[in-house]
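**Q** Structure supplied as model-v5.cif; contents: mmCIF, C-alpha atoms and all ligand atoms.
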```cif
data_target
loop_
_atom_site.label_atom_id
_atom_site.label_comp_id
_atom_site.auth_asym_id
_atom_site.auth_seq_id
_atom_site.Cartn_x
_atom_site.Cartn_y
_atom_site.Cartn_z
CA MET A 1 36.85 4.50 12.72
CA SER A 2 33.12 4.91 12.96
CA ALA A 3 30.79 2.52 11.16
CA THR A 4 28.97 3.93 8.15
CA ALA A 5 25.41 3.08 7.19
CA ASP A 6 26.70 0.59 4.65
CA ASP A 7 28.78 -1.21 7.24
CA LEU A 8 25.79 -1.61 9.52
CA THR A 9 23.53 -2.85 6.74
CA ALA A 10 26.27 -5.25 5.76
CA GLN A 11 26.27 -6.63 9.28
CA ALA A 12 22.83 -8.04 8.65
CA GLY A 13 23.31 -11.00 6.36
CA PRO A 14 21.22 -11.52 3.23
CA GLN A 15 19.35 -14.43 4.81
CA GLU A 16 18.25 -12.29 7.76
CA ARG A 17 17.27 -9.38 5.54
CA PHE A 18 15.36 -11.73 3.24
CA GLU A 19 13.40 -13.19 6.18
CA TYR A 20 12.62 -9.75 7.56
CA VAL A 21 11.35 -8.32 4.27
CA LEU A 22 9.31 -11.50 3.73
CA ARG A 23 7.48 -10.91 7.03
CA LEU A 24 6.35 -7.50 5.83
CA ALA A 25 5.61 -8.71 2.30
CA ASP A 26 3.61 -11.78 3.32
CA THR A 27 1.64 -9.84 5.92
CA SER A 28 0.50 -7.39 3.22
CA LEU A 29 -0.12 -10.14 0.68
CA ILE A 30 -2.27 -12.35 2.91
CA ALA A 31 -4.21 -9.38 4.29
CA GLY A 32 -4.85 -8.23 0.71
CA GLN A 33 -5.95 -11.69 -0.41
CA ARG A 34 -8.40 -11.92 2.51
CA LEU A 35 -9.98 -8.55 1.64
CA ALA A 36 -10.07 -9.34 -2.07
CA ALA A 37 -12.37 -12.28 -1.29
CA LEU A 38 -14.97 -9.77 -0.08
CA LEU A 39 -15.39 -8.15 -3.49
CA GLY A 40 -19.11 -8.10 -4.20
CA HIS A 41 -19.92 -9.26 -0.66
CA ALA A 42 -19.45 -6.17 1.54
CA PRO A 43 -22.59 -4.82 3.23
CA ALA A 44 -22.80 -1.70 1.04
CA LEU A 45 -21.32 -0.49 -2.25
CA GLU A 46 -19.11 2.11 -0.53
CA GLU A 47 -17.62 -0.53 1.78
CA ASP A 48 -17.15 -2.89 -1.14
CA LEU A 49 -15.15 -0.25 -3.02
CA ALA A 50 -13.18 0.69 0.08
CA LEU A 51 -12.19 -2.87 0.99
CA GLY A 52 -11.34 -3.63 -2.66
CA ASN A 53 -9.14 -0.55 -2.88
CA ILE A 54 -7.40 -1.38 0.40
CA ALA A 55 -6.79 -4.89 -0.94
CA LEU A 56 -5.20 -3.39 -4.07
CA ASP A 57 -2.88 -1.20 -2.01
CA LEU A 58 -1.86 -4.15 0.18
CA ILE A 59 -1.17 -6.42 -2.78
CA GLY A 60 0.76 -3.59 -4.46
CA GLN A 61 2.91 -3.18 -1.33
CA ALA A 62 3.41 -6.95 -1.26
CA ARG A 63 4.63 -6.95 -4.87
CA LEU A 64 7.23 -4.26 -4.18
CA LEU A 65 8.38 -6.04 -1.01
CA LEU A 66 8.46 -9.52 -2.57
CA ALA A 67 10.47 -8.17 -5.51
CA LEU A 68 12.92 -6.67 -3.00
CA ALA A 69 13.09 -9.96 -1.07
CA GLY A 70 13.83 -11.78 -4.32
CA ARG A 71 16.68 -9.37 -5.11
CA ILE A 72 18.15 -9.82 -1.62
CA GLU A 73 17.90 -13.61 -1.85
CA ALA A 74 19.50 -13.52 -5.33
CA ARG A 75 18.41 -17.02 -6.25
CA GLY A 76 16.29 -16.02 -9.22
CA ARG A 77 12.90 -15.99 -7.48
CA ASP A 78 10.74 -13.05 -8.54
CA GLU A 79 7.58 -11.72 -6.84
CA ASP A 80 5.36 -14.31 -8.57
CA ALA A 81 7.57 -17.24 -7.62
CA LEU A 82 7.58 -16.07 -4.01
CA ALA A 83 3.82 -15.45 -3.89
CA PHE A 84 2.61 -18.54 -5.71
CA LEU A 85 5.21 -21.26 -5.33
CA ARG A 86 5.87 -21.34 -1.58
CA ASP A 87 4.03 -23.60 0.87
CA ALA A 88 2.32 -22.43 4.05
CA GLN A 89 5.30 -23.12 6.35
CA GLU A 90 7.46 -20.91 4.14
CA PHE A 91 5.13 -17.92 4.61
CA ARG A 92 6.19 -15.37 7.20
CA ASN A 93 3.01 -13.30 7.67
CA VAL A 94 1.76 -12.62 11.18
CA SER A 95 -1.08 -14.99 12.11
CA LEU A 96 -3.59 -12.17 12.55
CA VAL A 97 -3.98 -11.52 8.83
CA GLU A 98 -4.79 -15.13 7.87
CA GLN A 99 -7.82 -15.22 10.18
CA PRO A 100 -11.12 -15.54 8.28
CA ASN A 101 -13.19 -12.52 7.29
CA GLY A 102 -16.07 -13.60 9.56
CA ASP A 103 -18.77 -10.94 9.79
CA PHE A 104 -18.18 -7.27 8.95
CA ALA A 105 -17.16 -6.56 12.56
CA GLN A 106 -14.45 -9.22 12.44
CA THR A 107 -13.13 -7.93 9.10
CA ILE A 108 -12.99 -4.39 10.49
CA VAL A 109 -11.34 -5.39 13.77
CA ARG A 110 -8.69 -7.45 11.96
CA GLN A 111 -8.00 -4.57 9.56
CA CYS A 112 -7.90 -2.00 12.32
CA LEU A 113 -5.39 -3.95 14.44
CA LEU A 114 -3.27 -4.47 11.32
CA ASP A 115 -3.52 -0.87 10.04
CA ALA A 116 -2.35 0.52 13.36
CA TRP A 117 0.67 -1.81 13.24
CA GLN A 118 1.55 -1.26 9.56
CA LEU A 119 1.19 2.48 9.95
CA GLU A 120 3.70 2.61 12.81
CA MET A 121 6.03 0.07 11.18
CA TYR A 122 6.19 1.86 7.83
CA GLU A 123 6.47 5.26 9.49
CA SER A 124 9.65 4.02 11.20
CA LEU A 125 10.88 1.96 8.26
CA ALA A 126 10.81 5.09 6.09
CA GLY A 127 13.99 5.98 7.98
CA SER A 128 15.57 2.53 7.57
CA ARG A 129 19.25 2.23 6.63
CA ASP A 130 18.08 -0.15 3.92
CA LEU A 131 17.21 2.54 1.39
CA GLN A 132 15.19 0.26 -0.88
CA LEU A 133 13.04 -0.77 2.05
CA ALA A 134 12.80 2.88 3.12
CA ASP A 135 11.52 3.88 -0.33
CA ILE A 136 8.74 1.29 -0.22
CA ALA A 137 7.87 2.28 3.36
CA GLN A 138 7.56 6.03 2.71
CA LYS A 139 5.03 5.23 -0.01
CA ALA A 140 3.17 2.56 1.96
CA VAL A 141 2.80 4.68 5.10
CA LYS A 142 0.61 7.18 3.27
CA GLU A 143 -1.65 4.39 2.09
CA CYS A 144 -1.80 2.77 5.53
CA ARG A 145 -2.75 6.09 7.12
CA TYR A 146 -5.68 6.24 4.72
CA HIS A 147 -6.65 2.62 5.49
CA TRP A 148 -6.52 3.35 9.21
CA ARG A 149 -8.92 6.27 8.83
CA PHE A 150 -11.42 3.87 7.27
CA SER A 151 -11.03 0.95 9.70
CA ALA A 152 -10.74 3.07 12.85
CA GLY A 153 -13.78 5.08 11.76
CA TRP A 154 -15.78 1.88 11.45
CA LEU A 155 -14.51 0.47 14.74
CA VAL A 156 -15.79 3.58 16.52
CA ARG A 157 -19.11 3.50 14.66
CA LEU A 158 -19.69 -0.17 15.41
CA GLY A 159 -18.68 0.23 19.06
CA ASP A 160 -20.83 3.30 19.45
CA GLY A 161 -23.71 1.95 17.33
CA THR A 162 -26.51 -0.45 18.20
CA ASP A 163 -26.55 -3.23 20.81
CA GLU A 164 -26.08 -5.67 17.96
CA SER A 165 -23.07 -3.91 16.43
CA ARG A 166 -21.46 -3.46 19.87
CA ALA A 167 -21.92 -7.14 20.71
CA ARG A 168 -20.42 -8.18 17.38
CA VAL A 169 -17.42 -5.90 17.60
CA ARG A 170 -16.73 -7.09 21.17
CA SER A 171 -16.90 -10.66 20.08
CA ALA A 172 -14.52 -9.95 17.19
CA LEU A 173 -12.06 -8.26 19.57
CA ASP A 174 -12.23 -11.32 21.85
CA THR A 175 -11.56 -13.63 18.92
CA LEU A 176 -8.68 -11.66 17.41
CA TRP A 177 -6.95 -10.09 20.40
CA ARG A 178 -4.81 -13.20 21.02
CA PHE A 179 -3.06 -12.53 17.70
CA THR A 180 -1.94 -9.02 18.60
CA ASP A 181 0.86 -10.20 20.90
CA GLU A 182 2.73 -11.53 17.89
CA LEU A 183 2.68 -8.06 16.31
CA LEU A 184 4.19 -6.45 19.37
CA THR A 185 6.52 -9.09 20.80
CA PRO A 186 9.94 -9.03 19.15
CA ASP A 187 11.84 -12.20 18.43
CA VAL A 188 15.56 -12.50 17.73
CA LEU A 189 15.23 -11.28 14.14
CA ASP A 190 13.16 -8.19 15.06
CA ALA A 191 15.70 -7.27 17.71
CA ARG A 192 18.62 -7.84 15.39
CA MET A 193 17.15 -5.70 12.60
CA ALA A 194 16.62 -2.90 15.10
CA VAL A 195 20.27 -3.09 16.17
CA CYS A 196 21.36 -2.97 12.54
CA GLY A 197 19.27 0.14 11.92
CA ILE A 198 17.10 -1.63 9.37
CA GLY A 199 13.98 -2.16 11.49
CA PRO A 200 12.39 0.01 14.19
CA ALA A 201 12.88 -0.50 17.91
CA PRO A 202 10.12 -2.98 18.84
CA VAL A 203 9.36 -1.20 22.12
CA LEU A 204 8.57 1.96 20.17
CA ILE A 205 6.12 0.14 17.90
CA ARG A 206 4.42 -1.48 20.90
CA GLU A 207 3.93 1.85 22.68
CA ARG A 208 2.66 3.69 19.63
CA TRP A 209 0.35 0.85 18.61
CA GLN A 210 -1.13 0.66 22.09
CA THR A 211 -1.64 4.41 22.31
CA ARG A 212 -3.35 4.50 18.94
CA VAL A 213 -5.59 1.49 19.50
CA ARG A 214 -6.45 2.47 23.08
CA ALA A 215 -7.68 5.91 21.97
CA THR A 216 -9.81 4.42 19.20
CA LEU A 217 -11.36 1.76 21.46
CA ALA A 218 -12.16 4.47 24.01
CA GLU A 219 -13.79 6.62 21.36
CA GLY A 220 -16.02 3.69 20.43
CA GLY A 221 -16.84 3.03 24.08
CA LEU A 222 -15.01 -0.30 23.93
CA GLU A 223 -12.84 -1.78 26.67
CA TRP A 224 -9.24 -2.82 26.25
CA PRO A 225 -9.57 -6.61 25.87
CA ARG A 226 -8.13 -9.01 28.43
CA HIS A 227 -4.63 -10.22 27.64
CA GLN A 228 -4.51 -13.63 26.00
CA HIS A 229 -1.42 -15.72 25.47
CA TYR A 230 -0.70 -16.68 21.92
CA ARG A 231 0.54 -19.94 20.53
CA TRP A 232 1.12 -19.02 16.91
CA HIS A 233 4.29 -17.71 15.36
CA GLY A 234 3.27 -16.94 11.81
CA LYS A 235 6.37 -14.83 11.30
CA ARG A 236 8.44 -17.97 11.93
CA GLY A 237 6.24 -20.07 9.65
CA GLU A 238 4.03 -21.64 12.36
CA HIS A 239 0.54 -20.81 11.15
CA THR A 240 -3.07 -21.47 12.07
CA GLU A 241 -4.96 -23.95 9.89
CA HIS A 242 -6.54 -21.08 7.91
CA LEU A 243 -3.47 -20.19 5.88
CA GLY A 244 -3.35 -23.48 3.97
CA HIS A 245 -6.91 -23.04 2.72
CA LEU A 246 -6.25 -19.47 1.67
CA LEU A 247 -3.11 -20.47 -0.25
CA ALA A 248 -4.87 -23.39 -1.94
CA GLU A 249 -7.24 -20.91 -3.53
CA MET A 250 -4.68 -18.16 -4.19
CA GLN A 251 -2.10 -20.47 -5.75
CA ALA A 252 -4.32 -22.96 -7.62
CA LEU A 253 -4.04 -21.35 -11.05
CA PRO A 254 -0.29 -20.62 -11.26
CA ARG A 255 0.47 -24.07 -9.85
CA ALA A 256 -1.84 -25.89 -12.26
CA TYR A 257 -0.59 -23.91 -15.26
CA PRO A 258 3.02 -22.84 -14.57
CA GLY A 259 3.96 -19.63 -16.33
CA VAL A 260 0.44 -19.01 -17.59
CA THR A 261 -0.40 -15.46 -18.72
CA TRP A 262 -3.47 -13.72 -20.06
CA MET B 1 30.42 5.47 -27.23
CA VAL B 2 28.70 8.61 -28.39
CA SER B 3 29.68 11.52 -26.23
CA ARG B 4 27.19 14.33 -26.19
CA THR B 5 27.51 17.95 -25.29
CA ALA B 6 25.35 19.38 -22.55
CA ALA B 7 23.31 21.24 -25.16
CA GLN B 8 22.62 18.07 -27.12
CA ALA B 9 21.61 16.27 -23.96
CA ALA B 10 19.23 19.10 -23.04
CA THR B 11 17.66 18.96 -26.50
CA ILE B 12 17.08 15.22 -26.24
CA GLU B 13 15.58 15.61 -22.76
CA ARG B 14 13.23 18.27 -24.08
CA GLN B 15 12.13 16.06 -26.98
CA VAL B 16 11.47 13.18 -24.58
CA TRP B 17 9.30 15.39 -22.36
CA ARG B 18 7.33 16.31 -25.52
CA THR B 19 6.86 12.62 -26.33
CA LEU B 20 5.74 11.88 -22.77
CA GLU B 21 3.13 14.64 -23.04
CA THR B 22 1.43 12.55 -25.74
CA VAL B 23 0.89 9.61 -23.36
CA MET B 24 -2.55 9.93 -21.75
CA ASP B 25 -3.69 8.29 -18.52
CA PRO B 26 -5.66 5.19 -19.65
CA GLU B 27 -8.33 5.67 -16.97
CA ILE B 28 -8.62 9.47 -17.17
CA PRO B 29 -7.78 10.15 -20.82
CA VAL B 30 -7.86 13.95 -20.52
CA VAL B 31 -4.55 14.24 -18.64
CA ASN B 32 -1.14 13.10 -19.82
CA VAL B 33 1.46 11.38 -17.67
CA VAL B 34 3.52 14.57 -17.27
CA GLU B 35 0.51 16.54 -15.98
CA LEU B 36 -0.31 13.62 -13.71
CA GLY B 37 3.08 14.14 -12.06
CA ILE B 38 4.35 10.58 -12.34
CA ILE B 39 7.42 11.34 -14.48
CA ARG B 40 10.17 11.96 -11.96
CA GLN B 41 13.10 12.48 -14.27
CA VAL B 42 14.27 12.50 -17.85
CA ARG B 43 18.05 12.52 -17.99
CA VAL B 44 20.79 11.91 -20.48
CA GLY B 45 23.74 10.76 -18.39
CA ALA B 46 27.43 11.42 -18.91
CA ASP B 47 27.60 7.98 -20.55
CA GLY B 48 24.97 9.10 -23.10
CA ALA B 49 22.32 6.76 -21.67
CA LEU B 50 18.77 8.12 -21.53
CA ARG B 51 16.86 7.38 -18.32
CA VAL B 52 13.18 8.01 -17.65
CA GLY B 53 12.07 7.73 -14.02
CA ILE B 54 8.43 6.84 -13.36
CA THR B 55 6.66 6.74 -10.00
CA PRO B 56 3.34 4.94 -9.36
CA THR B 57 0.41 6.92 -7.97
CA TYR B 58 -0.54 4.13 -5.56
CA SER B 59 1.38 0.92 -4.80
CA GLY B 60 -1.52 -1.14 -6.07
CA CYS B 61 -2.66 1.02 -8.98
CA PRO B 62 -3.55 -1.49 -11.72
CA ALA B 63 -2.95 1.16 -14.40
CA THR B 64 0.76 1.47 -13.59
CA GLU B 65 1.79 -1.43 -15.84
CA VAL B 66 -0.37 -0.25 -18.73
CA ILE B 67 1.05 3.26 -18.38
CA THR B 68 4.60 1.91 -18.45
CA GLN B 69 3.83 -0.05 -21.62
CA MET B 70 2.28 3.04 -23.22
CA ILE B 71 5.33 5.13 -22.36
CA ARG B 72 7.60 2.43 -23.78
CA ALA B 73 5.62 2.36 -27.04
CA ALA B 74 5.62 6.16 -27.40
CA LEU B 75 9.38 6.37 -26.78
CA ASP B 76 10.06 3.56 -29.25
CA GLN B 77 7.94 5.28 -31.88
CA ASP B 78 9.71 8.62 -31.45
CA GLY B 79 13.16 7.12 -31.80
CA PHE B 80 14.07 6.68 -28.14
CA ALA B 81 14.05 2.88 -28.13
CA ASP B 82 17.25 2.86 -26.06
CA ALA B 83 15.61 4.76 -23.17
CA ARG B 84 15.72 2.93 -19.83
CA LEU B 85 12.53 3.11 -17.81
CA GLU B 86 13.17 3.10 -14.09
CA THR B 87 10.72 2.97 -11.21
CA MET B 88 11.37 5.67 -8.61
CA LEU B 89 9.36 5.23 -5.42
CA TRP B 90 10.91 8.20 -3.66
CA PRO B 91 9.58 10.80 -3.16
CA ALA B 92 6.13 9.22 -3.11
CA TRP B 93 3.43 10.61 -5.37
CA SER B 94 0.58 12.65 -3.94
CA SER B 95 -2.10 14.82 -5.54
CA GLU B 96 0.28 17.77 -5.06
CA TRP B 97 2.33 16.41 -7.95
CA LEU B 98 -0.52 17.16 -10.37
CA SER B 99 0.34 20.10 -12.59
CA GLU B 100 -1.80 23.22 -12.74
CA SER B 101 -3.02 22.33 -16.25
CA GLY B 102 -3.67 18.79 -15.05
CA ARG B 103 -5.91 20.05 -12.26
CA ARG B 104 -7.88 22.26 -14.65
CA LYS B 105 -8.40 19.42 -17.12
CA LEU B 106 -9.50 17.05 -14.39
CA GLU B 107 -12.05 19.54 -13.11
CA ALA B 108 -13.38 20.16 -16.61
CA PHE B 109 -13.69 16.36 -16.90
CA GLY B 110 -15.76 16.27 -13.69
CA ILE B 111 -13.11 15.17 -11.20
CA ALA B 112 -12.42 17.59 -8.35
CA VAL B 113 -8.97 17.77 -6.77
CA GLU B 114 -8.52 17.92 -3.03
CA GLY B 115 -5.40 18.53 -1.04
CA ALA B 116 -3.02 21.32 -0.17
CA GLY B 117 -2.49 23.79 -2.98
CA ALA B 118 -5.79 22.87 -4.61
CA GLY B 119 -7.77 24.98 -2.16
CA ARG B 120 -11.03 23.74 -0.72
CA LEU B 121 -12.87 21.16 -2.73
CA ALA B 122 -15.64 22.48 -4.98
CA CYS B 123 -18.31 20.80 -7.09
CA PRO B 124 -16.90 20.41 -10.62
CA ARG B 125 -20.35 21.19 -12.08
CA CYS B 126 -21.68 24.18 -10.13
CA SER B 127 -18.59 25.19 -8.10
CA SER B 128 -20.54 24.96 -4.84
CA ARG B 129 -18.51 24.21 -1.73
CA ARG B 130 -21.49 22.68 0.08
CA LEU B 131 -20.44 19.07 -0.28
CA GLU B 132 -20.94 15.74 1.38
CA ARG B 133 -18.31 13.03 1.34
CA MET B 134 -19.96 9.71 0.50
CA SER B 135 -16.85 7.56 0.77
CA GLU B 136 -13.10 8.02 1.05
CA TYR B 137 -12.82 5.38 -1.65
CA GLY B 138 -14.08 5.55 -5.22
CA SER B 139 -14.07 3.86 -8.60
CA THR B 140 -10.26 3.78 -8.87
CA PRO B 141 -7.50 3.80 -6.21
CA CYS B 142 -6.83 7.51 -6.73
CA LYS B 143 -10.37 8.77 -6.17
CA ALA B 144 -12.86 9.46 -3.36
CA HIS B 145 -16.60 9.85 -3.78
CA TYR B 146 -18.56 13.05 -3.05
CA ARG B 147 -22.00 14.56 -3.56
CA CYS B 148 -22.85 18.21 -4.15
CA LEU B 149 -25.55 19.51 -1.80
CA GLU B 150 -26.39 22.35 -4.21
CA CYS B 151 -26.93 20.60 -7.55
CA LEU B 152 -27.20 17.14 -5.89
CA GLU B 153 -24.89 15.53 -8.44
CA PRO B 154 -22.38 12.92 -7.27
CA PHE B 155 -18.78 13.35 -8.38
CA ASP B 156 -15.27 11.90 -7.98
CA ALA B 157 -12.41 13.72 -6.31
CA PHE B 158 -8.72 12.94 -6.61
CA LYS B 159 -7.90 11.83 -3.10
CA CYS B 160 -5.18 13.39 -1.03
CA LEU B 161 -2.79 11.11 0.84
ZN ZN C 301 -22.87 21.03 -7.69
#
```
Written as structure tokens, how would this file's structure read?
Ligand SMILES: [Zn+2]
**A**
Amino acid sequence: MSATADDLTAQAGPQERFEYVLRLADTSLIAGQRLAALLGHAPALEEDLALGNIALDLIGQARLLLALAGRIEARGRDEDALAFLRDAQEFRNVSLVEQPNGDFAQTIVRQCLLDAWQLEMYESLAGSRDLQLADIAQKAVKECRYHWRFSAGWLVRLGDGTDESRARVRSALDTLWRFTDELLTPDVLDARMAVCGIGPAPVLIRERWQTRVRATLAEGGLEWPRHQHYRWHGKRGEHTEHLGHLLAEMQALPRAYPGVTW
Amino acid sequence: MVSRTAAQAATIERQVWRTLETVMDPEIPVVNVVELGIIRQVRVGADGALRVGITPTYSGCPATEVITQMIRAALDQDGFADARLETMLWPAWSSEWLSESGRRKLEAFGIAVEGAGAGRLACPRCSSRRLERMSEYGSTPCKAHYRCLECLEPFDAFKCL
């Protein structure tokens, strides 16, 4: 007897599926929260609107994914409980997205490295055997493609711009490159989800991400940064010190006034 | 349980579509939610239950919740309080889901529509096709920002994903 899609999905336990969806959800949520902090602070009105709109998309994706995670967990936690009532070590976002906004070059580099990854992930996840995850992914991939056009466009312009912009974008790449390994290096859960047909094959994501990013760096006259080993495993809950500060701000209100609405 | 004939079900579905046509987009009040293309289905099931499927334009569109509340209120008022509203993410919305009348109303309102099927983008004021894109992002998640090189007026365009 051959295994059906349902059998294979069933092979992945709810705890594993919950953890996996949380990684995607938290990565979108924290990236969105970072960008939202730039409202009114971007270098020009157009960039302010763009970054604010990207933040909205990311937070919207996070809501859909957190709601799905809550349904899988089946312990009564909704999207708000998961976003606002977990501590840093319970967050499963990749460490890249919690890094500070820095200057405009650093914001753009962080977004660009993320967009390339999300785009490839959601493109593959649109064919996931988990149909609820697939539905969210087929919507998110369109948004991520649009985000990538913005961030990649800026990466090229900054790389190909003035001495100052080139120096800043190089410095941002040096600062953030060490966090890209986490995006591309599968752990046990990534590998297991791929076997179950829920997640994409990690090797495929790595190849496509590298091809995409390499072409964009080349277009901006930027070199492929030197490989740096990483020490953070945000997707396992081991974060840099920046996440705690971000959460303190993001969660202050719902924690001080539980259940508050306006 | 009330069992309904296929004809009765079809009549109810038609009445619900009528009701939905009275619900206007809160941010662009010239188009209704049916023209906007976010109503994915209206169906009376074999069990007699009425289901209305809604899809968001963008994952993070802040108007989605308001629109859902407005739809709920309109259905309640027209006697469809038992309707179940369901979110349908698939297939994802794009500007191609805008109806022909929706496109015309948007353009009359000053919002151009880009994307396949809409033809090349034109200035909603003077119809010129000599345009400059100022930003791929605009005042709401569904719009990009352009300027006409003929009449020099800036305008919004429904963005194409
Ligand atoms: Zn014009």
**Q** At a cut-off of 8 Å around ligand ZN 301 (chain C), and using all atoms listed in the file, what residues come up? Please write them as a PyMOL selection string.
**A** chain B and resi 122-128+147-153
**Q** Return the neighbours of chain A among the residues of chain B, cut-off 10 Å, counting all atoms listed in the file, as a compact mmCIF listing (two decimals) with C-alpha atoms, keeping the file's coordinate frame.
**A**
```
# COMPACT_ATOMS: atom_id res chain seq x y z
CA PRO B 56 3.34 4.94 -9.36
CA THR B 57 0.41 6.92 -7.97
CA TYR B 58 -0.54 4.13 -5.56
CA SER B 59 1.38 0.92 -4.80
CA GLY B 60 -1.52 -1.14 -6.07
CA CYS B 61 -2.66 1.02 -8.98
CA PRO B 62 -3.55 -1.49 -11.72
CA MET B 88 11.37 5.67 -8.61
CA LEU B 89 9.36 5.23 -5.42
CA TRP B 90 10.91 8.20 -3.66
CA PRO B 91 9.58 10.80 -3.16
CA ALA B 92 6.13 9.22 -3.11
CA TRP B 93 3.43 10.61 -5.37
CA SER B 94 0.58 12.65 -3.94
CA MET B 134 -19.96 9.71 0.50
CA SER B 135 -16.85 7.56 0.77
CA GLU B 136 -13.10 8.02 1.05
CA TYR B 137 -12.82 5.38 -1.65
CA GLY B 138 -14.08 5.55 -5.22
CA SER B 139 -14.07 3.86 -8.60
CA THR B 140 -10.26 3.78 -8.87
CA PRO B 141 -7.50 3.80 -6.21
CA CYS B 142 -6.83 7.51 -6.73
CA LYS B 143 -10.37 8.77 -6.17
CA ALA B 144 -12.86 9.46 -3.36
CA HIS B 145 -16.60 9.85 -3.78
CA LYS B 159 -7.90 11.83 -3.10
CA CYS B 160 -5.18 13.39 -1.03
CA LEU B 161 -2.79 11.11 0.84
```
**Q** Quick one: everything within 12 Å of Arg166 of chain A, counting all atoms listed in the file, minus sequence neighbours fewer than 6 positions away in the same chain. Send it as a list of chain:residue names.
**A**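 Selected residues are A:Ala105, A:Gln106, A:Val109, A:Trp154, A:Leu155, A:Val156, A:Arg157, A:Leu158, A:Gly159, A:Asp160, A:Ala172, A:Leu173, A:Leu217, A:Gly220, A:Gly221, A:Leu222, A:Glu223.
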**Q** I need the chosen residues saved as a PDB file, in the frame of the given file, with C-alpha atoms.
**A**
```pdb
ATOM      1  CA  ALA A 105     -17.160  -6.560  12.560  1.00  0.00           C
ATOM      2  CA  GLN A 106     -14.450  -9.220  12.440  1.00  0.00           C
ATOM      3  CA  VAL A 109     -11.340  -5.390  13.770  1.00  0.00           C
ATOM      4  CA  TRP A 154     -15.780   1.880  11.450  1.00  0.00           C
ATOM      5  CA  LEU A 155     -14.510   0.470  14.740  1.00  0.00           C
ATOM      6  CA  VAL A 156     -15.790   3.580  16.520  1.00  0.00           C
ATOM      7  CA  ARG A 157     -19.110   3.500  14.660  1.00  0.00           C
ATOM      8  CA  LEU A 158     -19.690  -0.170  15.410  1.00  0.00           C
ATOM      9  CA  GLY A 159     -18.680   0.230  19.060  1.00  0.00           C
ATOM     10  CA  ASP A 160     -20.830   3.300  19.450  1.00  0.00           C
ATOM     11  CA  ALA A 172     -14.520  -9.950  17.190  1.00  0.00           C
ATOM     12  CA  LEU A 173     -12.060  -8.260  19.570  1.00  0.00           C
ATOM     13  CA  LEU A 217     -11.360   1.760  21.460  1.00  0.00           C
ATOM     14  CA  GLY A 220     -16.020   3.690  20.430  1.00  0.00           C
ATOM     15  CA  GLY A 221     -16.840   3.030  24.080  1.00  0.00           C
ATOM     16  CA  LEU A 222     -15.010  -0.300  23.930  1.00  0.00           C
ATOM     17  CA  GLU A 223     -12.840  -1.780  26.670  1.00  0.00           C
TER      18      GLU A 223
END
```
**Q** A:Asp163, A:Asp26, A:Glu219, A:Glu19: which is nearest Phe91 of chain A, counting all atoms listed in the file?
**A**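 Smallest separation from Phe91 of chain A among the options: A:Asp26.
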**Q** First collect every listed atom of segment 134-153 of chain A; then fit an axis-aligned box around them, widen it by 8 Å on each side, and give centre and edge lengths in Å to one decimal, as AutoDock Vina command-line options.
**A**
```
--center_x -0.5 --center_y 4.1 --center_z 6.3 --size_x 42.6 --size_y 22.2 --size_z 29.2
```
**Q** Point out the residue among B:Arg103, B:Arg4, B:Arg84, B:Arg18 with the least atom-to-atom distance to Leu121 of chain B, counting all atoms listed in the file.
**A** B:Arg103
**Q** Determine, counting all atoms listed in the file, which protein, DNA and RNA residues have an atom within 12 Å of an atom of Val203 of chain A; residues of the same chain fewer than 5 positions away are not included. Present the result as an mmCIF file with C-alpha atoms, in the coordinates of the input.
**A**
```cif
data_model
loop_
_atom_site.group_PDB
_atom_site.id
_atom_site.type_symbol
_atom_site.label_atom_id
_atom_site.label_comp_id
_atom_site.auth_asym_id
_atom_site.auth_seq_id
_atom_site.Cartn_x
_atom_site.Cartn_y
_atom_site.Cartn_z
ATOM 1 C CA GLU A 120 3.700 2.610 12.810
ATOM 2 C CA MET A 121 6.030 0.070 11.180
ATOM 3 C CA LEU A 183 2.680 -8.060 16.310
ATOM 4 C CA LEU A 184 4.190 -6.450 19.370
ATOM 5 C CA THR A 185 6.520 -9.090 20.800
ATOM 6 C CA PRO A 186 9.940 -9.030 19.150
ATOM 7 C CA ASP A 187 11.840 -12.200 18.430
ATOM 8 C CA ASP A 190 13.160 -8.190 15.060
ATOM 9 C CA ALA A 191 15.700 -7.270 17.710
ATOM 10 C CA ALA A 194 16.620 -2.900 15.100
ATOM 11 C CA ARG A 208 2.660 3.690 19.630
ATOM 12 C CA TRP A 209 0.350 0.850 18.610
ATOM 13 C CA GLN A 210 -1.130 0.660 22.090
#
```
**Q** With distances taken over only C-alpha atoms, which residue among A:Leu68, A:Arg23, A:Asp80, A:Glu73 lies nearest Met250 of chain A?
**A**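 Among the listed residues, A:Asp80 lies closest to Met250 of chain A.
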**Q** Work out how far atom CA of Ser28 of chain A is from atom CA of Leu189 of chain A, in Å to one decimal.
**A**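 Distance between the two atoms: 18.7 Å.
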**Q** Report as a list in words all protein, DNA and RNA residues lying within 12 Å of Leu85 of chain B, evaluated on all atoms listed in the file, omitting residues in the same chain fewer than 2 positions from it.
**A**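 My list of contacting residues is Ile39, Arg40, Gln41, Val42, Arg43, Ala49, Leu50, Arg51, Val52, Gly53, Ile54, Thr55, Glu65, Ile67, Thr68, Gln69, Met70, Ile71, Arg72, Ala73, Leu75, Asp76, Phe80, Ala81, Asp82, Ala83, Thr87 and Met88 of chain B.
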**Q** Considering all atoms listed in the file, state which residue in the set B:Trp17, B:Phe109, B:Trp97, B:Tyr146 is at the smallest distance from Arg130 of chain B.
**A**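 The shortest atom-to-atom distance to Arg130 of chain B comes from B:Tyr146.
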